[in-house]
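Trainee: Got query-v7.csv for you, CSV, C-alpha atoms:
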chain,number,residue,atom,x,y,z
D,2,MET,CA,-10.5,0.2,102.4
D,3,LEU,CA,-11.3,-2.9,100.5
D,4,MET,CA,-9.0,-5.4,98.8
D,5,GLY,CA,-10.7,-8.2,96.9
D,6,LYS,CA,-13.1,-10.0,99.2
D,7,ARG,CA,-11.4,-9.1,102.5
D,8,PHE,CA,-10.2,-6.1,104.5
D,9,VAL,CA,-6.5,-5.6,104.4
D,10,MET,CA,-4.8,-4.8,107.7
D,11,LYS,CA,-1.0,-5.3,108.0
D,12,GLU,CA,-0.9,-4.5,111.6
D,13,LYS,CA,-1.9,-7.0,114.3
D,14,ILE,CA,-4.9,-6.2,116.5
D,15,THR,CA,-6.3,-8.0,119.4
D,16,SER,CA,-10.0,-8.9,119.6
D,17,ALA,CA,-10.3,-7.7,123.2
D,18,PHE,CA,-10.5,-4.1,124.3
D,19,VAL,CA,-7.9,-2.8,126.7
D,20,LEU,CA,-9.5,0.1,128.5
D,21,LEU,CA,-6.7,2.5,129.1
D,22,VAL,CA,-6.3,4.2,132.5
D,23,LEU,CA,-6.3,8.0,132.1
D,24,LEU,CA,-2.8,9.2,131.3
D,25,LEU,CA,-1.2,12.0,133.3
D,26,THR,CA,0.8,13.8,130.7
D,27,GLY,CA,1.6,17.0,132.6
D,28,CYS,CA,0.5,18.9,129.5
D,29,HIS,CA,-2.0,21.7,130.0
D,30,THR,CA,-4.0,24.0,127.8
D,31,GLU,CA,-4.2,27.8,128.1
D,32,ASN,CA,-8.0,27.9,128.4
D,33,ASP,CA,-8.3,25.1,131.0
D,34,PRO,CA,-5.2,24.2,133.0
D,35,ASP,CA,-6.9,21.0,134.2
D,36,TYR,CA,-7.6,19.6,130.7
D,37,PRO,CA,-4.8,17.4,129.3
D,38,CYS,CA,-3.4,18.2,125.9
D,39,THR,CA,-3.4,14.7,124.6
D,40,LYS,CA,-4.8,11.3,125.7
D,41,VAL,CA,-5.3,7.8,124.4
D,42,VAL,CA,-9.0,7.3,125.0
D,43,PHE,CA,-9.2,3.7,123.7
D,44,ASP,CA,-6.0,1.7,123.5
D,45,VAL,CA,-7.6,-0.5,120.8
D,46,GLY,CA,-10.1,0.9,118.3
D,47,SER,CA,-10.7,2.6,115.0
D,48,TYR,CA,-13.1,5.0,113.2
D,49,PRO,CA,-14.1,7.0,116.2
D,50,TYR,CA,-17.2,9.1,116.2
D,51,CYS,CA,-18.6,11.2,119.0
D,52,ILE,CA,-21.6,13.5,119.5
D,53,LEU,CA,-22.5,15.8,122.4
D,54,TRP,CA,-26.2,15.9,123.3
D,55,GLN,CA,-27.7,17.5,126.4
D,56,GLY,CA,-24.5,17.3,128.4
D,57,MET,CA,-23.6,13.7,127.5
D,58,TYR,CA,-21.0,12.5,125.0
D,59,TYR,CA,-22.1,9.5,123.0
D,60,TYR,CA,-19.4,7.6,121.2
D,61,THR,CA,-19.2,4.8,118.6
D,62,MET,CA,-16.3,3.1,116.8
D,63,GLN,CA,-15.4,0.1,114.8
D,64,ILE,CA,-14.7,-2.8,117.1
D,65,PRO,CA,-12.3,-5.6,116.3
D,66,SER,CA,-14.9,-8.3,116.0
D,67,ALA,CA,-16.9,-6.2,113.5
D,68,ASP,CA,-20.1,-7.9,114.3
D,69,SER,CA,-21.8,-5.4,116.6
D,70,ILE,CA,-22.3,-1.7,117.3
D,71,ILE,CA,-21.6,-0.5,120.9
D,72,ILE,CA,-22.5,2.9,122.2
D,73,TYR,CA,-20.4,4.4,125.0
D,74,ALA,CA,-21.6,7.4,127.1
D,75,SER,CA,-20.0,9.7,129.6
D,76,ASP,CA,-20.2,13.4,130.7
D,77,GLU,CA,-16.5,13.6,130.2
D,78,PRO,CA,-15.0,12.5,126.8
D,79,ALA,CA,-11.7,11.4,128.3
D,80,ARG,CA,-13.6,8.8,130.4
D,81,LEU,CA,-15.6,7.3,127.6
D,82,SER,CA,-13.8,3.9,127.9
D,83,SER,CA,-14.9,3.6,131.5
D,84,GLY,CA,-18.4,5.1,131.2
D,85,GLN,CA,-21.7,3.6,130.3
D,86,ARG,CA,-22.0,1.2,127.4
D,87,ARG,CA,-24.7,-0.7,125.6
D,88,LEU,CA,-24.9,-3.2,122.8
D,89,ALA,CA,-27.0,-1.2,120.3
D,90,TRP,CA,-27.2,-3.8,117.6
D,91,HIS,CA,-25.8,-7.2,116.8
D,92,ALA,CA,-25.2,-8.6,113.3
D,93,GLN,CA,-28.3,-10.3,111.7
D,94,GLY,CA,-26.8,-12.2,108.8
D,95,MET,CA,-24.3,-9.4,108.1
D,96,GLU,CA,-20.6,-9.2,108.2
D,97,HIS,CA,-18.0,-6.5,108.2
D,98,ILE,CA,-19.9,-4.0,110.3
D,99,TRP,CA,-17.6,-1.0,110.0
D,100,SER,CA,-17.4,2.7,110.9
D,101,PRO,CA,-20.7,3.2,112.8
D,102,GLU,CA,-21.9,6.7,113.6
D,103,LEU,CA,-24.6,8.0,115.8
D,104,HIS,CA,-26.6,11.0,114.7
D,105,ARG,CA,-29.6,13.0,116.1
D,106,VAL,CA,-32.1,14.0,113.3
D,107,ASP,CA,-35.7,15.1,113.7
D,108,ASN,CA,-35.8,14.2,117.4
D,109,LYS,CA,-34.7,10.6,116.8
D,110,TRP,CA,-31.4,8.7,116.9
D,111,TYR,CA,-29.9,7.1,113.8
D,112,LEU,CA,-27.0,4.8,113.5
D,113,TYR,CA,-25.3,4.8,110.1
D,114,PHE,CA,-22.9,2.0,109.3
D,115,GLU,CA,-21.6,-0.2,106.4
D,116,ALA,CA,-21.9,-4.0,106.1
D,117,ASP,CA,-22.2,-6.9,103.6
D,118,GLY,CA,-23.2,-10.6,103.5
D,119,GLY,CA,-19.6,-11.8,103.5
D,120,ASN,CA,-18.5,-10.5,100.1
D,121,THR,CA,-17.1,-6.9,100.4
D,122,ASP,CA,-17.7,-6.3,96.7
D,123,ASN,CA,-21.4,-6.1,97.8
D,124,HIS,CA,-20.8,-3.7,100.6
D,125,GLN,CA,-23.7,-1.3,101.4
D,126,LEU,CA,-24.7,1.5,103.6
D,127,TYR,CA,-27.3,0.9,106.3
D,128,VAL,CA,-29.2,2.9,108.9
D,129,LEU,CA,-30.9,2.0,112.2
D,130,GLU,CA,-33.5,4.2,113.9
D,131,ASN,CA,-34.3,4.6,117.7
D,132,THR,CA,-37.3,6.8,118.7
D,133,SER,CA,-36.1,7.0,122.4
D,134,SER,CA,-34.8,10.4,123.7
D,135,ASP,CA,-31.9,8.5,125.2
D,136,PRO,CA,-29.7,6.4,122.8
D,137,MET,CA,-28.7,4.2,125.7
D,138,LYS,CA,-32.4,3.1,125.9
D,139,GLY,CA,-35.0,2.0,123.4
D,140,GLU,CA,-34.6,-0.3,120.4
D,141,PHE,CA,-32.6,0.4,117.3
D,142,VAL,CA,-34.6,-0.9,114.3
D,143,LEU,CA,-33.1,-1.5,110.9
D,144,LYS,CA,-34.5,0.8,108.3
D,145,GLY,CA,-32.6,-0.9,105.5
D,146,ALA,CA,-29.9,-0.2,103.0
D,147,ILE,CA,-29.4,3.2,101.5
D,148,LYS,CA,-29.4,3.1,97.7
D,149,THR,CA,-26.5,5.2,96.6
D,150,ASN,CA,-26.7,4.8,92.8
D,151,GLU,CA,-28.5,2.8,90.1
D,152,GLU,CA,-25.6,0.8,88.7
D,153,TRP,CA,-25.1,-1.0,92.0
D,154,ASN,CA,-25.7,-0.3,95.6
D,155,PHE,CA,-22.2,0.1,97.1
D,156,GLY,CA,-20.7,2.4,99.6
D,157,LEU,CA,-18.3,2.9,102.5
D,158,HIS,CA,-18.1,5.1,105.6
D,159,PRO,CA,-21.4,6.9,105.7
D,160,THR,CA,-21.8,10.1,107.6
D,161,SER,CA,-24.5,12.8,107.7
D,162,ILE,CA,-24.9,16.5,108.3
D,163,VAL,CA,-27.8,19.0,108.5
D,164,VAL,CA,-27.2,22.4,107.0
D,165,HIS,CA,-29.9,25.1,107.0
D,166,GLY,CA,-32.5,22.4,107.8
D,167,GLN,CA,-31.5,20.1,104.9
D,168,GLN,CA,-29.9,16.7,105.7
D,169,TYR,CA,-27.1,15.4,103.5
D,170,LEU,CA,-25.4,12.0,103.3
D,171,LEU,CA,-21.7,11.7,102.5
D,172,TRP,CA,-19.8,8.5,101.9
D,173,SER,CA,-16.9,6.9,100.0
D,174,GLY,CA,-17.5,4.8,96.9
D,175,TRP,CA,-16.3,3.7,93.5
D,176,GLN,CA,-17.1,5.6,90.3
D,177,HIS,CA,-17.3,2.3,88.5
D,178,ARG,CA,-17.1,-1.4,89.3
D,179,ARG,CA,-13.5,-2.4,90.2
D,180,SER,CA,-11.5,-3.9,87.3
D,181,GLU,CA,-7.7,-3.6,87.4
D,182,THR,CA,-7.5,-0.7,89.8
D,183,GLU,CA,-9.7,0.6,92.5
D,184,THR,CA,-10.5,4.3,93.1
D,185,GLN,CA,-12.5,5.4,96.1
D,186,CYS,CA,-14.1,8.9,96.0
D,187,ILE,CA,-16.1,11.1,98.3
D,188,TYR,CA,-19.8,11.6,97.4
D,189,ILE,CA,-22.7,13.7,98.7
D,190,ALA,CA,-26.4,13.5,98.2
D,191,ARG,CA,-29.5,15.3,99.6
D,192,MET,CA,-31.8,13.2,101.7
D,193,SER,CA,-35.6,13.2,101.9
D,194,ASN,CA,-35.5,11.4,105.2
D,195,PRO,CA,-32.7,9.8,107.2
D,196,TRP,CA,-32.8,6.6,105.2
D,197,THR,CA,-33.6,7.8,101.7
D,198,LEU,CA,-31.6,9.8,99.2
D,199,ALA,CA,-33.5,12.6,97.3
D,200,SER,CA,-30.9,13.4,94.7
D,201,GLU,CA,-28.3,11.7,92.5
D,202,ARG,CA,-24.9,11.3,94.1
D,203,VAL,CA,-22.4,14.1,93.4
D,204,LEU,CA,-18.7,13.5,93.3
D,205,LEU,CA,-16.9,16.0,95.6
D,206,SER,CA,-13.3,14.6,95.8
D,207,GLN,CA,-11.3,11.9,94.1
D,208,PRO,CA,-7.6,10.8,94.7
D,209,GLU,CA,-5.8,13.0,92.3
D,210,LEU,CA,-2.9,14.4,94.4
D,211,GLU,CA,0.3,12.5,94.9
D,212,TRP,CA,-0.2,12.2,98.6
D,213,GLU,CA,-3.7,10.7,98.1
D,214,ARG,CA,-2.5,7.9,95.7
D,215,GLN,CA,0.1,6.0,97.8
D,216,TRP,CA,-0.4,2.3,98.0
D,217,ILE,CA,3.1,0.8,98.4
D,218,ASN,CA,5.0,1.0,101.7
D,219,PRO,CA,8.7,1.8,101.8
D,220,ASN,CA,9.4,-1.9,102.7
D,221,GLY,CA,7.4,-3.1,99.7
D,222,ASP,CA,4.2,-4.0,101.4
D,223,ARG,CA,1.4,-3.3,99.1
D,224,SER,CA,-2.1,-4.2,98.0
D,225,ASN,CA,-2.6,-6.8,95.2
D,226,TYR,CA,-3.3,-4.1,92.7
D,227,PRO,CA,-3.3,-0.2,92.7
D,228,ILE,CA,-5.8,1.3,95.1
D,229,PHE,CA,-6.2,5.0,95.2
D,230,VAL,CA,-8.1,6.4,98.2
D,231,ASN,CA,-10.4,9.1,99.3
D,232,GLU,CA,-12.5,7.7,102.1
D,233,ASN,CA,-14.1,8.2,105.5
D,234,PRO,CA,-15.6,11.7,105.1
D,235,GLU,CA,-16.4,13.6,108.3
D,236,ALA,CA,-18.5,16.8,107.9
D,237,PHE,CA,-18.9,19.6,110.3
D,238,VAL,CA,-19.9,23.3,110.3
D,239,THR,CA,-17.3,25.7,111.6
D,240,PRO,CA,-18.1,27.5,114.9
D,241,ASP,CA,-18.7,30.8,113.1
D,242,GLY,CA,-21.3,29.0,110.9
D,243,LYS,CA,-19.8,30.2,107.6
D,244,HIS,CA,-18.3,27.0,106.2
D,245,VAL,CA,-19.0,23.2,105.9
D,246,CYS,CA,-15.7,21.3,106.2
D,247,VAL,CA,-15.4,17.7,105.1
D,248,CYS,CA,-12.2,16.0,106.3
D,249,TYR,CA,-11.3,12.6,104.7
D,250,SER,CA,-8.5,10.1,104.6
D,251,GLY,CA,-6.2,9.8,101.6
D,252,SER,CA,-3.9,6.9,100.5
D,253,GLY,CA,-4.0,3.3,101.6
D,254,ILE,CA,-4.8,2.7,105.2
D,255,TRP,CA,-2.2,-0.1,105.3
D,256,THR,CA,0.5,2.5,104.3
D,257,ILE,CA,2.5,5.0,106.4
D,258,TYR,CA,1.2,7.6,104.0
D,259,HIS,CA,-2.5,7.4,105.1
D,260,SER,CA,-3.2,11.1,105.9
D,261,LEU,CA,-6.0,13.6,106.6
D,262,GLY,CA,-7.3,15.8,103.9
D,263,MET,CA,-10.1,18.4,103.7
D,264,ILE,CA,-12.5,20.1,101.3
D,265,TYR,CA,-14.8,23.0,102.3
D,266,ALA,CA,-17.7,25.1,101.0
D,267,ARG,CA,-19.7,28.1,102.3
D,268,THR,CA,-22.8,27.1,104.2
D,269,ASP,CA,-24.9,29.4,101.9
D,270,ALA,CA,-23.6,27.7,98.7
D,271,ASP,CA,-25.2,24.9,96.7
D,272,LEU,CA,-23.6,21.9,98.4
D,273,LEU,CA,-24.5,19.6,95.5
D,274,ALA,CA,-22.5,21.8,93.1
D,275,PRO,CA,-18.8,20.5,92.9
D,276,SER,CA,-17.8,24.1,92.0
D,277,SER,CA,-18.9,25.2,95.5
D,278,TRP,CA,-16.1,23.1,97.1
D,279,THR,CA,-12.4,23.9,97.5
D,280,LYS,CA,-9.8,21.2,98.1
D,281,VAL,CA,-6.9,21.8,100.5
D,282,GLN,CA,-3.8,20.7,98.4
D,283,GLU,CA,-1.6,19.4,101.2
D,284,PRO,CA,-2.3,16.8,103.9
D,285,LEU,CA,-3.2,17.9,107.4
D,286,PHE,CA,-2.2,16.6,110.8
D,287,VAL,CA,0.8,14.6,109.7
D,288,PRO,CA,3.2,13.2,112.4
D,289,ASP,CA,6.8,14.3,112.3
D,290,ASP,CA,8.0,10.7,113.0
D,291,ARG,CA,6.2,7.9,111.1
D,292,ASP,CA,8.4,5.3,112.7
D,293,THR,CA,6.4,5.5,115.9
D,294,LEU,CA,3.1,7.0,114.8
D,295,TYR,CA,1.2,7.1,111.4
D,296,GLY,CA,-2.3,7.0,110.0
D,297,THR,CA,-3.4,10.0,112.1
D,298,SER,CA,-6.8,10.3,110.4
D,299,ASN,CA,-10.5,9.2,110.6
D,300,ILE,CA,-11.5,12.1,112.9
D,301,SER,CA,-14.4,13.4,114.9
D,302,LEU,CA,-14.7,16.9,116.4
D,303,ILE,CA,-16.6,17.7,119.6
D,304,PRO,CA,-16.9,20.7,122.0
D,305,ALA,CA,-14.9,20.3,125.2
D,306,PRO,CA,-16.7,20.2,128.5
D,307,ASN,CA,-15.3,23.6,129.5
D,308,GLY,CA,-17.2,25.1,126.5
D,309,LYS,CA,-14.1,27.0,125.4
D,310,GLN,CA,-12.3,24.5,123.2
D,311,PHE,CA,-12.9,21.8,120.6
D,312,LEU,CA,-11.4,18.4,120.9
D,313,LEU,CA,-10.2,16.2,118.1
D,314,LEU,CA,-10.7,12.5,118.3
D,315,TYR,CA,-8.7,10.6,115.8
D,316,GLU,CA,-7.4,7.1,114.9
D,317,ALA,CA,-3.7,6.5,114.9
D,318,ASN,CA,-1.4,3.6,114.3
D,319,ARG,CA,1.1,3.7,117.1
D,320,LYS,CA,4.0,1.4,118.0
D,321,MET,CA,3.8,-0.4,121.3
D,322,GLY,CA,6.9,-2.4,121.9
D,323,ASP,CA,7.5,-4.3,118.7
D,324,GLU,CA,3.9,-4.3,117.5
D,325,TRP,CA,1.6,-1.7,115.9
D,326,HIS,CA,-1.9,-1.1,117.3
D,327,ARG,CA,-4.7,1.1,116.1
D,328,SER,CA,-5.8,3.3,119.0
D,329,VAL,CA,-8.1,6.3,119.5
D,330,HIS,CA,-6.5,9.6,120.6
D,331,MET,CA,-7.8,12.9,121.7
D,332,GLN,CA,-6.3,16.4,121.8
D,333,PRO,CA,-7.5,20.0,121.6
D,334,ILE,CA,-7.5,21.9,118.3
D,335,GLU,CA,-7.8,25.6,117.5
D,336,TRP,CA,-9.4,27.7,114.8
D,337,ASN,CA,-7.7,30.3,112.7
D,338,LYS,CA,-8.8,33.9,111.9
D,339,ASN,CA,-10.8,32.7,108.9
D,340,GLY,CA,-12.7,30.2,111.0
D,341,PHE,CA,-11.0,27.0,109.8
D,342,PRO,CA,-9.6,24.2,112.1
D,343,VAL,CA,-5.9,24.3,112.9
D,344,PHE,CA,-5.0,20.6,113.6
D,345,GLY,CA,-1.4,21.2,114.3
D,346,LYS,CA,0.6,18.0,114.9
D,347,PRO,CA,-0.4,14.7,116.6
D,348,VAL,CA,1.2,14.5,120.0
D,349,LEU,CA,2.0,11.2,121.7
D,350,PRO,CA,1.0,11.1,125.4
Since I need it in another form, could you write the structure as structure tokens?
Mentor:
Amino acid sequence: MLMGKRFVMKEKITSAFVLLVLLLTGCHTENDPDYPCTKVVFDVGSYPYCILWQGMYYYTMQIPSADSIIIYASDEPARLSSGQRRLAWHAQGMEHIWSPELHRVDNKWYLYFEADGGNTDNHQLYVLENTSSDPMKGEFVLKGAIKTNEEWNFGLHPTSIVVHGQQYLLWSGWQHRRSETETQCIYIARMSNPWTLASERVLLSQPELEWERQWINPNGDRSNYPIFVNENPEAFVTPDGKHVCVCYSGSGIWTIYHSLGMIYARTDADLLAPSSWTKVQEPLFVPDDRDTLYGTSNISLIPAPNGKQFLLLYEANRKMGDEWHRSVHMQPIEWNKNGFPVFGKPVLP
């Protein structure tokens, strides 16, 4: 979420990571009595993304210093904070390195991220490539910026998905240059390779529902001007292979109303046709008590080690003492009879 030439965050965060000891909650799942229902995986962190590849979980997130990309690796997602780590890339004349994601495409590793030269009005999407079979080894090489549209090259929160052999890029961006208001929308485009778009961008979702357009907190805290938000898309194919779901965040990230939304389409549909997509009208995964937890959004879905469940990684703003901190949580989710995710409610450990 952008405000003028700087990123607005009302909550205080520390620049040092506090690697949380595994929490014993006494909460168990039906499928695996040894797997905890909910955990805090990183006590400080935001924009989590995780991928399972050949028995290893590889994880990236936005770090407080926002000048580097770190990859974490473990065979157990609950132990990512204490597992292997590597500095995959450090800023080279760039600032605001946000929301990195690691993807495996055509037997190579790609890191998608967003950055600029200091002025967030010139924010762009970038991608790094690593030809090593192990993302903890080899060199990540900058392939360059991804041109998203002709008017100007601007974007936030890139993610990618391959459906029936075709790669797509999704991201958040403006329809037009900001003037008196700012509106962030979800876009999709077909790719000719992991760093080049092969089609015009297509608008999939814009903030049109009341719950997506909140920018003023109950205490009066607000952005300098109206900002309406659909951002941080995360795409996945449902386990039955029938649908592509795109979860996204709605309303200002600085507000207690920041929530998870979803659009979906059939995998055999034309994903570049807006008519193929259906928008869920109500927010998902909303906490019952926003006085202790809010902003439960910015998600990543991964298979559990037991092979029977799926785990939801998500960012949350939680109260610790008298201060608020962004942390990364994890808990199992289920799927309904139609194959869609049932997120339930966020549960504090």
Trainee: Determine, for each residue of segment 143-197 of chain D having at least one atom at most 12 Å from an atom of segment 256-274 of chain D, the closest pair of atoms and their separation in Å to one decimal, counting only C-alpha atoms; order by chain and ascending number, as JSON lines.
Mentor:
{"residue": "D:Ile162", "atom": "CA", "partner": "D:Leu272", "partner_atom": "CA", "distance": 11.4}
{"residue": "D:Val163", "atom": "CA", "partner": "D:Thr268", "partner_atom": "CA", "distance": 10.4}
{"residue": "D:Val164", "atom": "CA", "partner": "D:Thr268", "partner_atom": "CA", "distance": 7.0}
{"residue": "D:His165", "atom": "CA", "partner": "D:Thr268", "partner_atom": "CA", "distance": 7.9}
{"residue": "D:Gly166", "atom": "CA", "partner": "D:Thr268", "partner_atom": "CA", "distance": 11.4}
{"residue": "D:Gln167", "atom": "CA", "partner": "D:Leu272", "partner_atom": "CA", "distance": 10.4}
{"residue": "D:Gln168", "atom": "CA", "partner": "D:Leu272", "partner_atom": "CA", "distance": 11.0}
{"residue": "D:Tyr169", "atom": "CA", "partner": "D:Leu272", "partner_atom": "CA", "distance": 9.0}
{"residue": "D:Leu170", "atom": "CA", "partner": "D:Leu273", "partner_atom": "CA", "distance": 10.9}
{"residue": "D:Leu171", "atom": "CA", "partner": "D:Leu273", "partner_atom": "CA", "distance": 10.9}
{"residue": "D:Ile187", "atom": "CA", "partner": "D:Ile264", "partner_atom": "CA", "distance": 10.1}
{"residue": "D:Tyr188", "atom": "CA", "partner": "D:Leu273", "partner_atom": "CA", "distance": 9.5}
{"residue": "D:Ile189", "atom": "CA", "partner": "D:Leu273", "partner_atom": "CA", "distance": 6.9}
{"residue": "D:Ala190", "atom": "CA", "partner": "D:Leu273", "partner_atom": "CA", "distance": 6.9}
{"residue": "D:Arg191", "atom": "CA", "partner": "D:Leu273", "partner_atom": "CA", "distance": 7.8}
{"residue": "D:Met192", "atom": "CA", "partner": "D:Leu273", "partner_atom": "CA", "distance": 11.5}
Trainee: Closest to His326 of chain D among D:Ser69, D:Ser47, D:Gln215, D:Ser134, using only C-alpha atoms?
Mentor: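 That would be D:Ser47, the residue with the smallest distance to His326 of chain D.
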Trainee: Ranking D:Gln185, D:Asn194, D:Gln93, D:Gln332 by minimum distance to Val42 of chain D and counting all atoms listed in the file, which one comes first?
Mentor: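 Of all the options, D:Gln332 lies closest to Val42 of chain D.
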Trainee: Could you tell me how far atom CA of Cys248 of chain D sits from atom CA of Ala79 of chain D, in Å to one decimal place?
Mentor: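 Interatomic distance here is 22.5 Å.
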Trainee: Give the answer as one residue: which of D:Ile217, D:Leu103, D:Val142, D:Leu314 has the shortest atom-to-atom distance to Pro159 of chain D, using all atoms listed in the file?
Mentor: D:Leu103
Trainee: Provide the atom CA of Thr182 of chain D to atom CA of Asn225 of chain D distance in Å, to one decimal place.
Mentor: 9.5 Å
Trainee: Fewer than 4 positions away in the same chain doesn't count, so skip those; otherwise give me all residues within 7 Å of Leu302 of chain D, counting all atoms listed in the file, as a ChimeraX atom specification.
Mentor: /D:311-314
Trainee: Go ahead and write the selection's residues with C-alpha atoms as a compact mmCIF listing (two decimals), in the frame of the given file.
Mentor:
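Output contents, as saved in again-v8.txt:
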# COMPACT_ATOMS: atom_id res chain seq x y z
CA PHE D 311 -12.90 21.80 120.60
CA LEU D 312 -11.40 18.40 120.90
CA LEU D 313 -10.20 16.20 118.10
CA LEU D 314 -10.70 12.50 118.30
Trainee: From (-14.3, 9.9, 126.3), in the file's coordinates, out to 10 Å: which residues are reached, counting all atoms listed in the file? Answer as a list in words.
Mentor: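 Those within range, by chain then number, are Lys40, Val41, Val42, Phe43, Cys51, Tyr58, Tyr59, Tyr60, Tyr73, Ala74, Ser75, Asp76, Glu77, Pro78, Ala79, Arg80, Leu81, Ser82, Ser83, Gly84, Leu314, Val329, His330 and Met331 of chain D.
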Trainee: Could you pull the residues within 6 Å of segment 122-125 of chain D, counting all atoms listed in the file, minus those fewer than 2 positions along the same chain, as number ranges by chain?
Mentor: D: 115-117, 120, 155-156
Trainee: Which distance in Å separates atom CA of Pro136 of chain D and atom CA of Ile72 of chain D, to one decimal?
Mentor: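 Atom-to-atom, atom CA of Pro136 of chain D to atom CA of Ile72 of chain D, that is 8.0 Å.
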Trainee: Considering only C-alpha atoms, can you say which of D:Arg327, D:Lys148, D:Arg179, D:His244 comes closest to Pro227 of chain D?
Mentor: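 Once distances to Pro227 of chain D are computed over only C-alpha atoms, the minimum belongs to D:Arg179.
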Trainee: Identify, on the basis of all atoms listed in the file, every residue whose closest approach to Thr132 of chain D does not exceed 12 Å; exclude the query and any residue fewer than 2 positions from it along the same chain; express the result as a list in words.
Mentor: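 Once the nearby chain positions are removed, what remains is Arg105, Val106, Asp107, Asn108, Lys109, Trp110, Tyr111, Leu112, Leu129, Glu130, Ser134, Asp135, Pro136, Met137, Lys138, Gly139, Glu140, Phe141 and Val142 of chain D.
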Trainee: Under the rule that all atoms listed in the file are counted, which of D:Val245, D:Val45, D:Ala199, D:Leu143 is the nearest residue to His91 of chain D?
Mentor: D:Leu143
Trainee: Pick out the residues sitting within 10 Å of Arg223 of chain D, and hand them over as a VMD selection string; count only C-alpha atoms, and ignore anything fewer than 3 positions along from it in its own chain.
Mentor: chain D and resid 9 11 215 to 220 226 to 228 253 255 to 256
Trainee: Which is closer to Gly56 of chain D than all the others in D:Pro304, D:Gly174, D:Pro288, D:Pro333, using all atoms listed in the file?
Mentor: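 Closest to Gly56 of chain D of all the choices is D:Pro304.
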Trainee: Just give me the residues with any atom within 9 Å of (-6.7, 7.8, 97.9), file coordinates, counting all atoms listed in the file, written as a ChimeraX atom specification.
Mentor: /D:184-186,207-216,228-232,250-253,259
Trainee: Find the spatial neighbours of Ile71 of chain D, counting all atoms listed in the file, within a cut-off of 9 Å - ignore same-chain residues fewer than 3 positions away - and output them as a PyMOL selection string.
Mentor: chain D and resi 60-64+86-91+101
